[in-house]
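Shown next: entry-v9.txt, containing compact mmCIF, C-alpha atoms.
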# COMPACT_ATOMS: atom_id res chain seq x y z
CA MET A 1 -21.32 11.99 -70.79
CA THR A 2 -22.91 14.82 -68.86
CA GLY A 3 -26.24 13.31 -67.81
CA LEU A 4 -27.10 13.38 -64.13
CA THR A 5 -30.14 13.39 -61.87
CA ILE A 6 -30.04 15.76 -58.92
CA TRP A 7 -32.83 14.55 -56.69
CA PHE A 8 -34.13 16.99 -54.07
CA THR A 9 -36.19 15.56 -51.23
CA GLY A 10 -37.72 17.32 -48.24
CA LEU A 11 -40.93 18.64 -46.76
CA SER A 12 -43.33 21.00 -48.54
CA GLY A 13 -42.04 24.56 -48.36
CA ALA A 14 -38.51 23.53 -47.32
CA GLY A 15 -37.05 25.17 -50.42
CA LYS A 16 -36.48 22.29 -52.87
CA SER A 17 -37.73 24.20 -55.92
CA THR A 18 -36.07 27.48 -54.97
CA ILE A 19 -32.66 25.87 -54.44
CA GLY A 20 -33.14 23.52 -57.41
CA GLN A 21 -33.92 26.39 -59.78
CA ARG A 22 -30.85 28.28 -58.59
CA VAL A 23 -28.67 25.21 -59.08
CA ALA A 24 -30.18 24.84 -62.58
CA THR A 25 -29.20 28.41 -63.43
CA GLU A 26 -25.63 27.83 -62.25
CA LEU A 27 -25.29 24.62 -64.27
CA ARG A 28 -26.76 26.22 -67.41
CA GLU A 29 -24.06 28.88 -67.09
CA ARG A 30 -21.57 26.04 -67.40
CA GLY A 31 -23.12 25.18 -70.76
CA LEU A 32 -25.02 22.12 -69.57
CA SER A 33 -28.56 21.19 -70.66
CA VAL A 34 -30.74 21.25 -67.56
CA GLU A 35 -34.41 20.45 -66.95
CA VAL A 36 -36.23 21.02 -63.66
CA LEU A 37 -39.04 18.59 -62.87
CA ASP A 38 -40.95 20.40 -60.18
CA GLY A 39 -43.27 18.33 -58.01
CA ASP A 40 -46.19 20.73 -58.17
CA GLU A 41 -45.93 21.06 -61.94
CA VAL A 42 -45.59 17.31 -62.48
CA ARG A 43 -48.75 16.73 -60.51
CA GLN A 44 -50.61 18.79 -63.11
CA THR A 45 -49.17 16.90 -66.09
CA LEU A 46 -47.65 13.45 -65.67
CA SER A 47 -49.42 12.74 -62.41
CA ALA A 48 -52.75 14.50 -62.77
CA GLY A 49 -55.42 12.45 -61.05
CA LEU A 50 -53.09 10.88 -58.48
CA GLY A 51 -53.73 11.45 -54.79
CA PHE A 52 -51.53 11.31 -51.71
CA SER A 53 -51.83 7.70 -50.55
CA LYS A 54 -48.53 5.82 -50.30
CA GLU A 55 -49.40 4.00 -53.52
CA ASP A 56 -50.16 7.19 -55.45
CA ARG A 57 -47.10 8.98 -54.08
CA ASP A 58 -44.96 6.05 -55.20
CA ILE A 59 -46.46 6.13 -58.71
CA ASN A 60 -45.78 9.87 -58.85
CA ILE A 61 -42.14 9.38 -57.85
CA ARG A 62 -41.65 6.52 -60.33
CA ARG A 63 -43.01 8.70 -63.14
CA ILE A 64 -40.65 11.53 -62.25
CA GLY A 65 -37.88 8.92 -62.02
CA PHE A 66 -38.77 7.54 -65.46
CA VAL A 67 -38.51 10.96 -67.09
CA ALA A 68 -35.35 11.83 -65.15
CA GLU A 69 -33.83 8.55 -66.36
CA LEU A 70 -34.64 9.33 -70.02
CA LEU A 71 -33.07 12.76 -69.69
CA THR A 72 -30.02 11.56 -67.75
CA ARG A 73 -29.12 8.81 -70.19
CA ASN A 74 -29.27 11.35 -73.00
CA GLY A 75 -26.81 13.74 -71.42
CA VAL A 76 -29.24 16.12 -69.74
CA VAL A 77 -29.07 17.22 -66.09
CA ALA A 78 -32.48 16.48 -64.57
CA ILE A 79 -33.23 18.31 -61.33
CA THR A 80 -36.24 16.94 -59.49
CA ALA A 81 -38.00 18.78 -56.70
CA ALA A 82 -40.72 16.61 -55.22
CA ILE A 83 -41.29 15.72 -51.56
CA SER A 84 -40.55 12.01 -52.26
CA PRO A 85 -41.17 10.93 -48.68
CA TYR A 86 -40.42 7.21 -48.92
CA LYS A 87 -36.88 5.89 -48.62
CA ASP A 88 -37.44 2.68 -50.58
CA THR A 89 -38.93 4.51 -53.55
CA ARG A 90 -36.06 6.99 -53.63
CA ALA A 91 -33.60 4.08 -53.46
CA GLU A 92 -35.44 2.41 -56.35
CA VAL A 93 -35.17 5.42 -58.67
CA ARG A 94 -31.55 5.93 -57.65
CA ARG A 95 -30.77 2.32 -58.62
CA ARG A 96 -32.54 2.68 -61.94
CA ILE A 97 -30.91 5.96 -62.88
CA GLY A 98 -27.38 5.32 -61.61
CA ARG A 99 -25.95 8.78 -62.17
CA PHE A 100 -27.63 10.35 -59.16
CA VAL A 101 -26.99 12.92 -56.45
CA GLU A 102 -29.46 12.99 -53.57
CA VAL A 103 -30.00 16.36 -51.87
CA TYR A 104 -31.87 16.43 -48.59
CA VAL A 105 -33.41 19.84 -47.93
CA SER A 106 -33.95 19.73 -44.20
CA CYS A 107 -36.09 22.22 -42.29
CA SER A 108 -37.82 21.94 -38.94
CA ILE A 109 -41.59 21.86 -38.76
CA ASP A 110 -41.44 24.90 -36.45
CA VAL A 111 -39.70 26.97 -39.11
CA LEU A 112 -41.98 25.65 -41.86
CA ALA A 113 -45.09 26.42 -39.83
CA GLU A 114 -43.86 29.94 -39.18
CA ARG A 115 -42.97 30.47 -42.85
CA ASP A 116 -46.13 28.71 -44.09
CA VAL A 117 -45.94 30.15 -47.60
CA LYS A 118 -49.02 28.33 -48.84
CA GLY A 119 -50.91 28.54 -45.53
CA LEU A 120 -51.00 24.75 -45.37
CA TYR A 121 -49.02 24.00 -42.20
CA LYS A 122 -51.43 25.90 -39.98
CA ARG A 123 -54.33 23.88 -41.38
CA ALA A 124 -52.42 20.60 -41.27
CA LEU A 125 -51.33 21.17 -37.65
CA ALA A 126 -54.97 21.95 -36.79
CA GLY A 127 -55.82 18.49 -38.13
CA GLU A 128 -57.61 19.78 -41.19
CA ILE A 129 -55.47 18.08 -43.88
CA ASP A 130 -55.07 14.33 -44.16
CA HIS A 131 -51.89 12.96 -45.72
CA PHE A 132 -49.88 16.12 -45.14
CA THR A 133 -46.23 15.05 -45.17
CA GLY A 134 -44.41 15.63 -41.89
CA VAL A 135 -47.63 16.33 -40.00
CA SER A 136 -50.28 13.71 -40.79
CA ASP A 137 -48.26 11.58 -43.24
CA PRO A 138 -44.77 10.07 -42.93
CA TYR A 139 -41.53 11.59 -44.13
CA GLU A 140 -38.58 9.22 -44.11
CA ALA A 141 -35.46 11.39 -44.02
CA PRO A 142 -32.51 10.12 -46.07
CA GLU A 143 -29.89 8.30 -43.99
CA ALA A 144 -27.00 8.87 -46.37
CA PRO A 145 -27.82 11.66 -48.83
CA ASP A 146 -25.00 13.09 -50.91
CA VAL A 147 -25.59 16.46 -49.29
CA VAL A 148 -27.84 17.94 -46.61
CA VAL A 149 -28.82 21.59 -46.66
CA ASP A 150 -30.90 23.25 -43.96
CA SER A 151 -33.04 26.08 -45.22
CA GLY A 152 -33.92 27.01 -41.62
CA THR A 153 -30.34 27.94 -40.78
CA GLN A 154 -28.66 28.54 -44.16
CA THR A 155 -29.21 31.23 -46.77
CA VAL A 156 -30.27 30.11 -50.24
CA ASP A 157 -26.79 31.09 -51.50
CA GLU A 158 -25.16 28.84 -48.91
CA SER A 159 -27.43 25.93 -49.80
CA VAL A 160 -26.80 26.35 -53.53
CA ALA A 161 -23.04 26.42 -52.93
CA ALA A 162 -23.25 23.24 -50.84
CA VAL A 163 -25.22 21.44 -53.56
CA LEU A 164 -22.78 22.52 -56.27
CA ALA A 165 -19.87 21.36 -54.12
CA ALA A 166 -21.51 17.95 -53.72
CA ILE A 167 -22.10 17.69 -57.47
CA ASP A 168 -18.47 18.55 -58.16
CA ALA A 169 -17.33 16.06 -55.51
CA SER A 170 -19.40 13.33 -57.17
CA GLY A 171 -17.22 13.53 -60.28
CA LEU A 172 -20.35 12.96 -62.39
CA LEU A 173 -20.19 16.28 -64.23
CA PRO A 174 -17.30 17.94 -66.04
CA GLU A 175 -15.26 20.25 -63.79
CA PRO A 176 -16.39 23.88 -64.03
CA ALA A 177 -14.00 26.26 -65.74
CA PRO A 178 -12.23 28.44 -63.16
CA ARG A 179 -13.72 31.93 -62.75
CA GLY A 180 -11.76 35.08 -62.54
CA MET B 181 -29.56 21.49 -82.54
CA THR B 182 -30.51 17.89 -83.26
CA GLY B 183 -33.71 17.49 -81.26
CA LEU B 184 -36.77 16.26 -83.11
CA THR B 185 -40.00 14.42 -82.44
CA ILE B 186 -40.98 11.78 -84.98
CA TRP B 187 -44.62 11.12 -84.22
CA PHE B 188 -46.09 7.85 -85.55
CA THR B 189 -49.86 7.56 -85.67
CA GLY B 190 -52.00 4.70 -86.93
CA LEU B 191 -54.18 1.79 -85.90
CA SER B 192 -53.14 -0.94 -83.49
CA GLY B 193 -50.96 -3.49 -85.27
CA ALA B 194 -50.28 -1.23 -88.26
CA GLY B 195 -46.55 -1.35 -87.59
CA LYS B 196 -45.81 1.93 -85.76
CA SER B 197 -43.42 0.36 -83.24
CA THR B 198 -41.72 -1.93 -85.74
CA ILE B 199 -41.02 0.88 -88.20
CA GLY B 200 -40.23 3.34 -85.38
CA GLN B 201 -37.65 1.01 -83.83
CA ARG B 202 -35.98 0.48 -87.21
CA VAL B 203 -35.87 4.25 -87.82
CA ALA B 204 -34.35 4.62 -84.32
CA THR B 205 -31.60 2.14 -85.20
CA GLU B 206 -30.79 4.01 -88.43
CA LEU B 207 -30.62 7.38 -86.65
CA ARG B 208 -28.45 5.99 -83.84
CA GLU B 209 -26.02 4.84 -86.51
CA ARG B 210 -25.76 8.49 -87.52
CA GLY B 211 -24.57 9.25 -83.99
CA LEU B 212 -27.84 10.78 -82.79
CA SER B 213 -29.37 10.23 -79.33
CA VAL B 214 -32.73 8.54 -79.87
CA GLU B 215 -35.49 7.45 -77.47
CA VAL B 216 -38.54 5.45 -78.48
CA LEU B 217 -41.71 6.11 -76.49
CA ASP B 218 -43.84 3.11 -77.29
CA GLY B 219 -47.57 3.41 -76.64
CA ASP B 220 -47.92 0.03 -74.94
CA GLU B 221 -44.92 0.69 -72.68
CA VAL B 222 -46.06 4.20 -71.80
CA ARG B 223 -49.43 2.85 -70.72
CA GLN B 224 -47.63 0.78 -68.09
CA THR B 225 -45.59 3.70 -66.75
CA LEU B 226 -46.63 7.29 -67.41
CA SER B 227 -50.23 6.42 -68.16
CA ALA B 228 -50.95 3.46 -65.91
CA GLY B 229 -54.54 3.69 -64.70
CA LEU B 230 -55.84 5.55 -67.75
CA GLY B 231 -58.55 3.98 -69.89
CA PHE B 232 -59.64 4.46 -73.49
CA SER B 233 -62.26 7.21 -73.31
CA LYS B 234 -61.52 10.28 -75.43
CA GLU B 235 -60.51 12.12 -72.27
CA ASP B 236 -58.09 9.43 -71.12
CA ARG B 237 -56.63 8.97 -74.59
CA ASP B 238 -55.99 12.72 -74.76
CA ILE B 239 -54.27 12.71 -71.37
CA ASN B 240 -52.11 9.81 -72.54
CA ILE B 241 -51.10 11.66 -75.71
CA ARG B 242 -50.38 14.87 -73.82
CA ARG B 243 -48.10 12.98 -71.41
CA ILE B 244 -46.20 11.39 -74.28
CA GLY B 245 -46.04 14.84 -75.86
CA PHE B 246 -44.71 16.36 -72.64
CA VAL B 247 -41.86 13.86 -72.46
CA ALA B 248 -41.15 14.13 -76.20
CA GLU B 249 -40.95 17.91 -75.79
CA LEU B 250 -38.43 17.65 -72.94
CA LEU B 251 -36.28 15.30 -75.00
CA THR B 252 -36.58 17.31 -78.21
CA ARG B 253 -35.60 20.62 -76.66
CA ASN B 254 -32.53 18.94 -75.22
CA GLY B 255 -31.26 17.65 -78.54
CA VAL B 256 -32.68 14.12 -78.40
CA VAL B 257 -34.70 12.49 -81.19
CA ALA B 258 -37.94 11.26 -79.61
CA ILE B 259 -39.82 8.65 -81.61
CA THR B 260 -43.37 8.10 -80.39
CA ALA B 261 -45.47 5.10 -81.39
CA ALA B 262 -48.97 5.46 -79.98
CA ILE B 263 -52.29 5.20 -81.83
CA SER B 264 -53.04 8.90 -81.13
CA PRO B 265 -56.43 8.79 -82.85
CA TYR B 266 -57.55 12.41 -82.44
CA LYS B 267 -56.45 15.07 -84.91
CA ASP B 268 -56.79 18.02 -82.53
CA THR B 269 -54.65 16.41 -79.87
CA ARG B 270 -51.94 15.55 -82.38
CA ALA B 271 -52.06 19.15 -83.65
CA GLU B 272 -51.74 20.38 -80.08
CA VAL B 273 -48.57 18.39 -79.33
CA ARG B 274 -47.13 19.36 -82.70
CA ARG B 275 -47.67 23.04 -81.86
CA ARG B 276 -46.06 22.64 -78.44
CA ILE B 277 -43.04 20.72 -79.67
CA GLY B 278 -42.37 22.61 -82.92
CA ARG B 279 -39.63 20.37 -84.28
CA PHE B 280 -41.98 17.62 -85.40
CA VAL B 281 -42.40 15.10 -88.21
CA GLU B 282 -45.75 13.30 -88.40
CA VAL B 283 -45.73 9.78 -89.83
CA TYR B 284 -49.05 8.18 -90.70
CA VAL B 285 -48.79 4.39 -90.75
CA SER B 286 -51.79 3.43 -92.82
CA CYS B 287 -53.16 -0.09 -93.09
CA SER B 288 -56.60 -1.35 -94.03
CA ILE B 289 -58.79 -3.00 -91.41
CA ASP B 290 -58.96 -6.08 -93.67
CA VAL B 291 -55.21 -6.52 -93.59
CA LEU B 292 -55.06 -5.80 -89.86
CA ALA B 293 -57.83 -8.30 -89.14
CA GLU B 294 -56.03 -10.95 -91.16
CA ARG B 295 -52.69 -10.23 -89.46
CA ASP B 296 -54.29 -9.83 -86.02
CA VAL B 297 -51.02 -10.25 -84.11
CA LYS B 298 -52.60 -9.80 -80.70
CA GLY B 299 -55.88 -11.54 -81.59
CA LEU B 300 -57.77 -8.33 -80.85
CA TYR B 301 -59.33 -7.47 -84.23
CA LYS B 302 -61.33 -10.69 -84.36
CA ARG B 303 -62.79 -9.95 -80.95
CA ALA B 304 -63.33 -6.26 -81.72
CA LEU B 305 -65.08 -7.02 -85.02
CA ALA B 306 -67.26 -9.52 -83.14
CA GLY B 307 -68.35 -6.62 -80.93
CA GLU B 308 -66.53 -7.88 -77.87
CA ILE B 309 -64.24 -4.87 -77.27
CA ASP B 310 -65.52 -1.38 -76.61
CA HIS B 311 -63.35 1.57 -77.56
CA PHE B 312 -61.25 -0.39 -80.04
CA THR B 313 -59.78 2.18 -82.42
CA GLY B 314 -60.89 1.80 -86.02
CA VAL B 315 -63.64 -0.65 -85.12
CA SER B 316 -65.65 0.59 -82.17
CA ASP B 317 -63.80 3.87 -81.52
CA PRO B 318 -62.86 6.68 -83.93
CA TYR B 319 -59.57 7.08 -85.76
CA GLU B 320 -59.07 10.45 -87.40
CA ALA B 321 -56.49 9.95 -90.15
CA PRO B 322 -54.03 12.82 -90.64
CA GLU B 323 -54.93 15.14 -93.50
CA ALA B 324 -51.44 16.47 -94.11
CA PRO B 325 -48.86 14.19 -92.46
CA ASP B 326 -45.20 14.66 -93.40
CA VAL B 327 -45.17 11.11 -94.73
CA VAL B 328 -47.61 8.25 -95.22
CA VAL B 329 -46.45 4.66 -95.25
CA ASP B 330 -48.74 1.71 -95.90
CA SER B 331 -47.71 -1.45 -94.12
CA GLY B 332 -50.32 -3.41 -96.06
CA THR B 333 -48.58 -2.80 -99.39
CA GLN B 334 -45.00 -1.82 -98.47
CA THR B 335 -42.22 -3.86 -96.88
CA VAL B 336 -40.81 -2.62 -93.58
CA ASP B 337 -37.62 -1.64 -95.44
CA GLU B 338 -39.60 0.50 -97.86
CA SER B 339 -41.51 2.19 -95.04
CA VAL B 340 -38.30 2.89 -93.10
CA ALA B 341 -36.70 4.40 -96.20
CA ALA B 342 -39.73 6.63 -96.79
CA VAL B 343 -39.67 7.89 -93.19
CA LEU B 344 -35.93 8.62 -93.35
CA ALA B 345 -36.43 10.49 -96.63
CA ALA B 346 -39.14 12.62 -95.02
CA ILE B 347 -36.89 13.37 -92.05
CA ASP B 348 -34.09 14.42 -94.35
CA ALA B 349 -36.48 16.52 -96.42
CA SER B 350 -37.64 18.31 -93.26
CA GLY B 351 -34.16 19.76 -92.78
CA LEU B 352 -34.59 19.31 -89.01
CA LEU B 353 -31.69 16.87 -88.59
CA PRO B 354 -28.11 17.12 -89.79
CA GLU B 355 -27.57 15.56 -93.24
CA PRO B 356 -26.38 11.97 -93.00
CA ALA B 357 -22.80 11.29 -94.06
CA PRO B 358 -22.71 9.66 -97.49
CA ARG B 359 -22.24 5.89 -97.39
CA GLY B 360 -19.91 3.87 -99.54
For the file at hand, write its structure as structure tokens.
Amino acid sequence: MTGLTIWFTGLSGAGKSTIGQRVATELRERGLSVEVLDGDEVRQTLSAGLGFSKEDRDINIRRIGFVAELLTRNGVVAITAAISPYKDTRAEVRRRIGRFVEVYVSCSIDVLAERDVKGLYKRALAGEIDHFTGVSDPYEAPEAPDVVVDSGTQTVDESVAAVLAAIDASGLLPEPAPRG
Amino acid sequence: MTGLTIWFTGLSGAGKSTIGQRVATELRERGLSVEVLDGDEVRQTLSAGLGFSKEDRDINIRRIGFVAELLTRNGVVAITAAISPYKDTRAEVRRRIGRFVEVYVSCSIDVLAERDVKGLYKRALAGEIDHFTGVSDPYEAPEAPDVVVDSGTQTVDESVAAVLAAIDASGLLPEPAPRG
């Protein structure tokens, strides 16, 4: 059995998709089947029409969880990269899926506002965006994630290595063949 | 590669889920990974909140198609059992997925109204339900499905055998081991 869900959580722009895609590439090189469920993409397919209220965010996360569960129980590694701000909802999908590694991509608002890839933090901090996670909407940081990476202080390479180490430590995937 | 989507289409109550579940059981006995995406179940998860307008039905079918595609390209047999009344939308998911067998579960309205498992046909025929497929909403029968079964004239066993024969004829799954 090689199915697993690697669940990234963290603020917008923190680096969930970037790190998740890199982890996907590494795991594919080990011969595993990997799918990335990116939050922005899912909102255009499975969750089109949903907004950013707590209720809609929870529905969005449960849908991603449902698909991740289908993939995981069929031997696929599902990597999810959605903000997933609410602790209870993350705990719920974790319980349902079972084979689960939670990755918290931490990053300070200061760094995110300076980076501001999509130009959203400036507007959110100016009070122009309702329901913007971490600014005008809650983000409940994980209390006991399987691994924390900090994209404000680590390179992407360092974060990817930390996530892979946590996956290997979980014992949920076959050991990688030694390189050399 | 063992991934495949087996797409059942037909009116409500025609027997899509019953036949689909039996086909799933047969394929699992061959050692394949199989998931059934049942229309009624999907409407409570992936498609909660959607109605029965053409637009909403199309979104529903595209979501089922999205999940079936993920499963199929990872070596899983996805069996879908949703009315999927519109020809163009079925053609669209078929194109996206590629490895695809279309099963048309035919059944006359007379037989369905007599069976009327959920008590809906009586009400629909009395004009009490808008957007009821086959009565007050269109159903575009497939012109060239991979197999047609008729639950009004065939037993479930006969329909299951016909679907399995069509799957084997498609060459998209490994040949079953001979029994006996």
Give me the least-squares superposed chain A (reference chain B; all C-alpha atoms paired in order) as a compact mmCIF listing (two decimals) with C-alpha atoms, in the frame of the given file.
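For reference, superposed_11.txt as written:
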# COMPACT_ATOMS: atom_id res chain seq x y z
CA MET A 1 -29.56 21.50 -82.52
CA THR A 2 -30.50 17.92 -83.25
CA GLY A 3 -33.72 17.51 -81.26
CA LEU A 4 -36.77 16.28 -83.11
CA THR A 5 -40.00 14.42 -82.45
CA ILE A 6 -40.98 11.78 -84.98
CA TRP A 7 -44.62 11.10 -84.22
CA PHE A 8 -46.08 7.84 -85.54
CA THR A 9 -49.85 7.55 -85.66
CA GLY A 10 -52.01 4.70 -86.93
CA LEU A 11 -54.18 1.79 -85.89
CA SER A 12 -53.13 -0.95 -83.47
CA GLY A 13 -50.96 -3.50 -85.25
CA ALA A 14 -50.28 -1.24 -88.26
CA GLY A 15 -46.54 -1.35 -87.57
CA LYS A 16 -45.79 1.93 -85.75
CA SER A 17 -43.42 0.36 -83.22
CA THR A 18 -41.72 -1.94 -85.72
CA ILE A 19 -41.01 0.87 -88.18
CA GLY A 20 -40.21 3.33 -85.37
CA GLN A 21 -37.64 1.00 -83.82
CA ARG A 22 -35.99 0.48 -87.21
CA VAL A 23 -35.86 4.23 -87.80
CA ALA A 24 -34.34 4.62 -84.31
CA THR A 25 -31.59 2.14 -85.19
CA GLU A 26 -30.79 4.00 -88.41
CA LEU A 27 -30.62 7.37 -86.64
CA ARG A 28 -28.44 5.99 -83.82
CA GLU A 29 -26.02 4.83 -86.52
CA ARG A 30 -25.75 8.48 -87.51
CA GLY A 31 -24.57 9.24 -83.98
CA LEU A 32 -27.82 10.79 -82.78
CA SER A 33 -29.36 10.24 -79.33
CA VAL A 34 -32.71 8.54 -79.85
CA GLU A 35 -35.47 7.46 -77.46
CA VAL A 36 -38.53 5.44 -78.47
CA LEU A 37 -41.69 6.12 -76.48
CA ASP A 38 -43.82 3.12 -77.29
CA GLY A 39 -47.54 3.41 -76.65
CA ASP A 40 -47.90 0.05 -74.94
CA GLU A 41 -44.92 0.68 -72.68
CA VAL A 42 -46.05 4.20 -71.79
CA ARG A 43 -49.41 2.87 -70.72
CA GLN A 44 -47.62 0.80 -68.08
CA THR A 45 -45.58 3.72 -66.74
CA LEU A 46 -46.62 7.31 -67.39
CA SER A 47 -50.22 6.43 -68.15
CA ALA A 48 -50.94 3.49 -65.89
CA GLY A 49 -54.53 3.70 -64.70
CA LEU A 50 -55.83 5.56 -67.76
CA GLY A 51 -58.55 3.99 -69.88
CA PHE A 52 -59.63 4.44 -73.48
CA SER A 53 -62.25 7.19 -73.30
CA LYS A 54 -61.52 10.25 -75.44
CA GLU A 55 -60.51 12.13 -72.29
CA ASP A 56 -58.09 9.43 -71.12
CA ARG A 57 -56.63 8.96 -74.59
CA ASP A 58 -56.01 12.70 -74.77
CA ILE A 59 -54.27 12.71 -71.37
CA ASN A 60 -52.11 9.80 -72.54
CA ILE A 61 -51.10 11.65 -75.71
CA ARG A 62 -50.36 14.88 -73.81
CA ARG A 63 -48.10 12.97 -71.42
CA ILE A 64 -46.19 11.39 -74.29
CA GLY A 65 -46.06 14.85 -75.88
CA PHE A 66 -44.70 16.38 -72.66
CA VAL A 67 -41.85 13.88 -72.47
CA ALA A 68 -41.15 14.13 -76.21
CA GLU A 69 -40.96 17.92 -75.81
CA LEU A 70 -38.43 17.66 -72.95
CA LEU A 71 -36.27 15.32 -75.00
CA THR A 72 -36.57 17.31 -78.23
CA ARG A 73 -35.59 20.62 -76.68
CA ASN A 74 -32.52 18.95 -75.22
CA GLY A 75 -31.25 17.65 -78.53
CA VAL A 76 -32.67 14.13 -78.41
CA VAL A 77 -34.69 12.48 -81.19
CA ALA A 78 -37.93 11.26 -79.61
CA ILE A 79 -39.82 8.65 -81.61
CA THR A 80 -43.36 8.09 -80.40
CA ALA A 81 -45.46 5.11 -81.38
CA ALA A 82 -48.95 5.45 -79.98
CA ILE A 83 -52.27 5.19 -81.82
CA SER A 84 -53.05 8.89 -81.12
CA PRO A 85 -56.43 8.78 -82.84
CA TYR A 86 -57.54 12.40 -82.45
CA LYS A 87 -56.46 15.07 -84.91
CA ASP A 88 -56.81 18.02 -82.54
CA THR A 89 -54.66 16.40 -79.87
CA ARG A 90 -51.95 15.55 -82.38
CA ALA A 91 -52.07 19.15 -83.65
CA GLU A 92 -51.75 20.38 -80.06
CA VAL A 93 -48.58 18.39 -79.33
CA ARG A 94 -47.15 19.36 -82.71
CA ARG A 95 -47.67 23.04 -81.87
CA ARG A 96 -46.08 22.65 -78.47
CA ILE A 97 -43.06 20.73 -79.68
CA GLY A 98 -42.37 22.60 -82.93
CA ARG A 99 -39.64 20.36 -84.29
CA PHE A 100 -41.97 17.61 -85.42
CA VAL A 101 -42.40 15.09 -88.22
CA GLU A 102 -45.75 13.30 -88.39
CA VAL A 103 -45.72 9.77 -89.83
CA TYR A 104 -49.03 8.17 -90.70
CA VAL A 105 -48.79 4.38 -90.74
CA SER A 106 -51.79 3.44 -92.82
CA CYS A 107 -53.17 -0.09 -93.07
CA SER A 108 -56.61 -1.34 -94.01
CA ILE A 109 -58.79 -3.00 -91.42
CA ASP A 110 -58.98 -6.07 -93.69
CA VAL A 111 -55.22 -6.51 -93.59
CA LEU A 112 -55.07 -5.81 -89.85
CA ALA A 113 -57.83 -8.30 -89.14
CA GLU A 114 -56.05 -10.94 -91.18
CA ARG A 115 -52.71 -10.22 -89.48
CA ASP A 116 -54.31 -9.85 -86.03
CA VAL A 117 -51.05 -10.27 -84.12
CA LYS A 118 -52.64 -9.81 -80.71
CA GLY A 119 -55.92 -11.54 -81.61
CA LEU A 120 -57.79 -8.33 -80.87
CA TYR A 121 -59.34 -7.47 -84.25
CA LYS A 122 -61.35 -10.67 -84.40
CA ARG A 123 -62.82 -9.92 -80.97
CA ALA A 124 -63.36 -6.24 -81.73
CA LEU A 125 -65.10 -7.02 -85.04
CA ALA A 126 -67.31 -9.52 -83.17
CA GLY A 127 -68.37 -6.61 -80.96
CA GLU A 128 -66.56 -7.88 -77.90
CA ILE A 129 -64.26 -4.87 -77.29
CA ASP A 130 -65.55 -1.38 -76.61
CA HIS A 131 -63.35 1.57 -77.56
CA PHE A 132 -61.26 -0.39 -80.04
CA THR A 133 -59.77 2.18 -82.41
CA GLY A 134 -60.88 1.80 -86.02
CA VAL A 135 -63.63 -0.66 -85.12
CA SER A 136 -65.67 0.59 -82.16
CA ASP A 137 -63.81 3.87 -81.53
CA PRO A 138 -62.85 6.68 -83.92
CA TYR A 139 -59.57 7.08 -85.75
CA GLU A 140 -59.08 10.45 -87.39
CA ALA A 141 -56.50 9.96 -90.13
CA PRO A 142 -54.03 12.82 -90.61
CA GLU A 143 -54.94 15.13 -93.50
CA ALA A 144 -51.44 16.44 -94.10
CA PRO A 145 -48.86 14.18 -92.45
CA ASP A 146 -45.22 14.65 -93.37
CA VAL A 147 -45.16 11.12 -94.73
CA VAL A 148 -47.61 8.25 -95.21
CA VAL A 149 -46.45 4.65 -95.23
CA ASP A 150 -48.73 1.70 -95.89
CA SER A 151 -47.70 -1.44 -94.10
CA GLY A 152 -50.32 -3.41 -96.07
CA THR A 153 -48.58 -2.79 -99.38
CA GLN A 154 -45.00 -1.84 -98.45
CA THR A 155 -42.21 -3.86 -96.87
CA VAL A 156 -40.81 -2.62 -93.57
CA ASP A 157 -37.61 -1.64 -95.42
CA GLU A 158 -39.60 0.49 -97.85
CA SER A 159 -41.50 2.18 -95.03
CA VAL A 160 -38.31 2.90 -93.08
CA ALA A 161 -36.70 4.40 -96.19
CA ALA A 162 -39.74 6.62 -96.77
CA VAL A 163 -39.66 7.87 -93.18
CA LEU A 164 -35.94 8.61 -93.34
CA ALA A 165 -36.44 10.47 -96.62
CA ALA A 166 -39.15 12.60 -95.00
CA ILE A 167 -36.90 13.36 -92.03
CA ASP A 168 -34.08 14.40 -94.34
CA ALA A 169 -36.49 16.50 -96.41
CA SER A 170 -37.65 18.29 -93.26
CA GLY A 171 -34.17 19.76 -92.78
CA LEU A 172 -34.59 19.30 -89.02
CA LEU A 173 -31.69 16.89 -88.59
CA PRO A 174 -28.11 17.13 -89.80
CA GLU A 175 -27.58 15.56 -93.24
CA PRO A 176 -26.37 11.96 -93.02
CA ALA A 177 -22.79 11.33 -94.08
CA PRO A 178 -22.70 9.69 -97.52
CA ARG A 179 -22.21 5.90 -97.45
CA GLY A 180 -19.89 4.01 -99.64
Please measure the separation of atom CA of B:Val340 and atom CA of B:Ile244, giving the value in Å to one decimal.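 Value for the atom CA of B:Val340-atom CA of B:Ile244 distance: 22.1 Å.
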May I have the residues at most 9 Å from (-39.0, 8.8, -48.8) in the file's coordinates, counting only C-alpha atoms, as a list in words?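 Answer for this query, in the requested form: Thr9, Gly10, Ile83, Ser84, Pro85, Tyr86, Lys87, Asp88, Thr89, Arg90, Ala91, Pro138, Tyr139, Glu140, Ala141 and Pro142 of chain A.
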Distance query stretch 284-292 of chain B at most 7 Å, all atoms listed in the file, self and fewer than 2 positions along chain excluded, as number ranges by chain: B: 188-190, 193-196, 282, 294-296, 322, 325, 327-332
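When atom CA of A:Lys118 is paired with atom CA of A:Ile19, their separation reads 17.5 Å.
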Might you pull out every residue within 9 Å of B:Ser227, with all atoms listed in the file counted and same-chain residues fewer than 2 positions away left off, and present them as a list of chain:residue names? A:Leu46, A:Ser47, B:Val222, B:Arg223, B:Gln224, B:Thr225, B:Gly229, B:Leu230, B:Gly231, B:Asp236, B:Ile239, B:Asn240, B:Arg243, B:Ile244
I'd like the interatomic distance between atom CA of A:Val135 and atom CA of A:Ala48, to a tenth of an Å. 23.4 Å
